[in-house]
file input.cif (mmCIF, C-alpha atoms)
data_coords
#
loop_
_atom_site.group_PDB
_atom_site.id
_atom_site.type_symbol
_atom_site.label_atom_id
_atom_site.label_comp_id
_atom_site.auth_asym_id
_atom_site.auth_seq_id
_atom_site.Cartn_x
_atom_site.Cartn_y
_atom_site.Cartn_z
ATOM 1 C CA MET A 1 0.000 0.000 0.000
ATOM 2 C CA ALA A 2 2.810 2.408 0.878
ATOM 3 C CA ASP A 3 4.570 1.510 -2.384
ATOM 4 C CA GLU A 4 1.435 2.404 -4.342
ATOM 5 C CA LYS A 5 1.253 5.783 -2.592
ATOM 6 C CA ASP A 6 4.958 6.359 -3.280
ATOM 7 C CA ASP A 7 4.444 5.432 -6.945
ATOM 8 C CA ALA A 8 1.477 7.796 -7.221
ATOM 9 C CA ALA A 9 3.420 10.608 -5.565
ATOM 10 C CA ALA A 10 6.398 10.025 -7.843
ATOM 11 C CA GLY A 11 4.152 9.959 -10.909
ATOM 12 C CA GLY A 12 2.496 13.168 -9.780
ATOM 13 C CA LYS A 13 5.850 14.885 -9.329
ATOM 14 C CA VAL A 14 6.942 13.755 -12.767
ATOM 15 C CA HIS A 15 3.761 15.071 -14.378
ATOM 16 C CA GLU A 16 4.067 18.392 -12.505
ATOM 17 C CA ALA A 17 7.691 18.791 -13.586
ATOM 18 C CA PHE A 18 6.887 18.052 -17.210
ATOM 19 C CA ALA A 19 3.903 20.422 -17.084
ATOM 20 C CA ALA A 20 6.316 23.150 -15.939
ATOM 21 C CA VAL A 21 8.666 22.289 -18.791
ATOM 22 C CA ARG A 22 5.806 22.479 -21.285
ATOM 23 C CA ARG A 23 4.727 25.886 -19.888
ATOM 24 C CA ASP A 24 8.258 27.239 -20.024
ATOM 25 C CA LEU A 25 8.902 25.964 -23.539
ATOM 26 C CA ASP A 26 5.449 26.823 -24.886
ATOM 27 C CA GLY A 27 5.716 28.028 -28.436
ATOM 28 C CA ARG A 28 9.167 26.534 -28.954
ATOM 29 C CA LEU A 29 8.085 22.901 -29.162
ATOM 30 C CA GLY A 30 7.079 21.556 -32.528
ATOM 31 C CA VAL A 31 4.902 18.489 -32.929
ATOM 32 C CA GLU A 32 7.879 16.122 -32.918
ATOM 33 C CA GLU A 33 9.407 17.729 -29.818
ATOM 34 C CA GLN A 34 6.061 17.655 -27.977
ATOM 35 C CA ALA A 35 5.702 13.954 -28.742
ATOM 36 C CA ALA A 36 9.244 13.293 -27.516
ATOM 37 C CA VAL A 37 8.568 15.138 -24.247
ATOM 38 C CA GLU A 38 5.331 13.189 -23.758
ATOM 39 C CA ARG A 39 7.047 9.835 -24.371
ATOM 40 C CA LEU A 40 9.775 10.746 -21.892
ATOM 41 C CA ARG A 41 7.196 11.892 -19.335
ATOM 42 C CA ASP A 42 5.165 8.707 -19.701
ATOM 43 C CA ALA A 43 8.223 6.503 -19.287
ATOM 44 C CA ALA A 44 9.430 8.409 -16.221
ATOM 45 C CA ALA A 45 5.974 8.525 -14.625
ATOM 46 C CA GLY A 46 5.547 4.809 -15.248
ATOM 47 C CA GLY A 47 8.867 4.020 -13.599
ATOM 48 C CA ASP A 48 10.258 2.512 -16.816
ATOM 49 C CA ALA A 49 13.909 3.464 -16.397
ATOM 50 C CA LEU A 50 15.116 1.699 -19.537
ATOM 51 C CA ARG A 51 12.530 3.366 -21.740
ATOM 52 C CA ALA A 52 13.146 6.753 -20.102
ATOM 53 C CA ARG A 53 16.880 6.454 -20.778
ATOM 54 C CA GLU A 54 16.163 5.496 -24.393
ATOM 55 C CA GLU A 55 13.783 8.429 -24.816
ATOM 56 C CA MET A 56 16.299 10.841 -23.290
ATOM 57 C CA ALA A 57 19.013 9.519 -25.618
ATOM 58 C CA THR A 58 16.687 10.028 -28.576
ATOM 59 C CA VAL A 59 15.948 13.591 -27.475
ATOM 60 C CA ARG A 60 19.683 14.268 -27.126
ATOM 61 C CA GLU A 61 20.364 12.829 -30.580
ATOM 62 C CA ARG A 62 17.494 14.439 -32.486
ATOM 63 C CA HIS A 63 16.770 17.612 -30.524
ATOM 64 C CA GLY A 64 19.976 18.813 -28.895
ATOM 65 C CA TRP A 65 18.502 22.161 -27.860
ATOM 66 C CA LEU A 66 15.563 20.420 -26.164
ATOM 67 C CA TYR A 67 17.862 18.029 -24.326
ATOM 68 C CA GLU A 68 19.783 21.007 -22.951
ATOM 69 C CA GLU A 69 16.554 22.673 -21.830
ATOM 70 C CA LEU A 70 15.325 19.485 -20.148
ATOM 71 C CA VAL A 71 18.489 18.797 -18.172
ATOM 72 C CA LYS A 72 18.789 22.368 -16.927
ATOM 73 C CA HIS A 73 15.109 22.907 -16.083
ATOM 74 C CA PRO A 74 14.885 23.275 -12.260
ATOM 75 C CA SER A 75 11.641 21.312 -11.778
ATOM 76 C CA LEU A 76 12.731 18.478 -13.997
ATOM 77 C CA ALA A 77 16.261 18.412 -12.582
ATOM 78 C CA ALA A 78 14.834 17.853 -9.103
ATOM 79 C CA VAL A 79 12.684 14.974 -10.356
ATOM 80 C CA ILE A 80 15.612 13.439 -12.239
ATOM 81 C CA ASP A 81 17.691 13.602 -9.044
ATOM 82 C CA GLU A 82 14.919 11.789 -7.147
ATOM 83 C CA LEU A 83 14.539 9.192 -9.876
ATOM 84 C CA ALA A 84 18.274 8.584 -9.800
ATOM 85 C CA LEU A 85 18.012 7.819 -6.088
ATOM 86 C CA TRP A 86 15.244 5.314 -6.867
ATOM 87 C CA GLY A 87 17.391 3.543 -9.449
ATOM 88 C CA PHE A 88 16.406 5.523 -12.540
#
call {"tool": "encode", "arguments": {"input": "input.cif", "output": "structure tokens"}}
result
Amino acid sequence: MADEKDDAAAGGKVHEAFAAVRRDLDGRLGVEEQAAVERLRDAAAGGDALRAREEMATVRERHGWLYEELVKHPSLAAVIDELALWGF
């Protein structure tokens, strides 16, 4: 039961962080970039570390500017730090 609450809280934090990213980058994200951010968010929120790493690598490869924005965004950086502690 506690694990389910922790998972829900983690998923909520991930969604909040990505919502902040979307607000901050509004107008700069094209369709392809939006889809990439959503795939990364879904993987992170679902606790799928392998898929999240793959999505982040794809973002870095295809959208270098977006990768830079994601890794330096304060809300997302905090979530990434937490995920790293959980084995992300």
call {"tool": "closest_atom_pairs", "arguments": {"input": "input.cif", "of": "stretch 8-29 of chain A", "to": "stretch 51-75 of chain A", "cutoff": "12 Å", "atoms": "only C-alpha atoms", "output": "JSON lines"}}
result
{"residue": "A:Lys13", "atom": "CA", "partner": "A:Ser75", "partner_atom": "CA", "distance": 9.0}
{"residue": "A:Val14", "atom": "CA", "partner": "A:Ser75", "partner_atom": "CA", "distance": 9.0}
{"residue": "A:His15", "atom": "CA", "partner": "A:Ser75", "partner_atom": "CA", "distance": 10.4}
{"residue": "A:Glu16", "atom": "CA", "partner": "A:Ser75", "partner_atom": "CA", "distance": 8.1}
{"residue": "A:Ala17", "atom": "CA", "partner": "A:Ser75", "partner_atom": "CA", "distance": 5.0}
{"residue": "A:Phe18", "atom": "CA", "partner": "A:Ser75", "partner_atom": "CA", "distance": 7.9}
{"residue": "A:Ala19", "atom": "CA", "partner": "A:Ser75", "partner_atom": "CA", "distance": 9.4}
{"residue": "A:Ala20", "atom": "CA", "partner": "A:Ser75", "partner_atom": "CA", "distance": 7.0}
{"residue": "A:Val21", "atom": "CA", "partner": "A:His73", "partner_atom": "CA", "distance": 7.0}
{"residue": "A:Arg22", "atom": "CA", "partner": "A:Leu70", "partner_atom": "CA", "distance": 10.0}
{"residue": "A:Arg23", "atom": "CA", "partner": "A:His73", "partner_atom": "CA", "distance": 11.5}
{"residue": "A:Asp24", "atom": "CA", "partner": "A:His73", "partner_atom": "CA", "distance": 9.0}
{"residue": "A:Leu25", "atom": "CA", "partner": "A:Glu69", "partner_atom": "CA", "distance": 8.5}
{"residue": "A:Arg28", "atom": "CA", "partner": "A:Leu66", "partner_atom": "CA", "distance": 9.3}
{"residue": "A:Leu29", "atom": "CA", "partner": "A:Leu66", "partner_atom": "CA", "distance": 8.4}
call {"tool": "atom_distance", "arguments": {"input": "input.cif", "atom1": "atom CA of A:Gln34", "atom2": "atom CA of A:Leu76"}}
result
15.5 Å
call {"tool": "closest_residue", "arguments": {"input": "input.cif", "among": "A:Glu38, A:Ala44, A:Glu32, A:Asp26", "to": "A:Val79", "atoms": "only C-alpha atoms"}}
result
A:Ala44
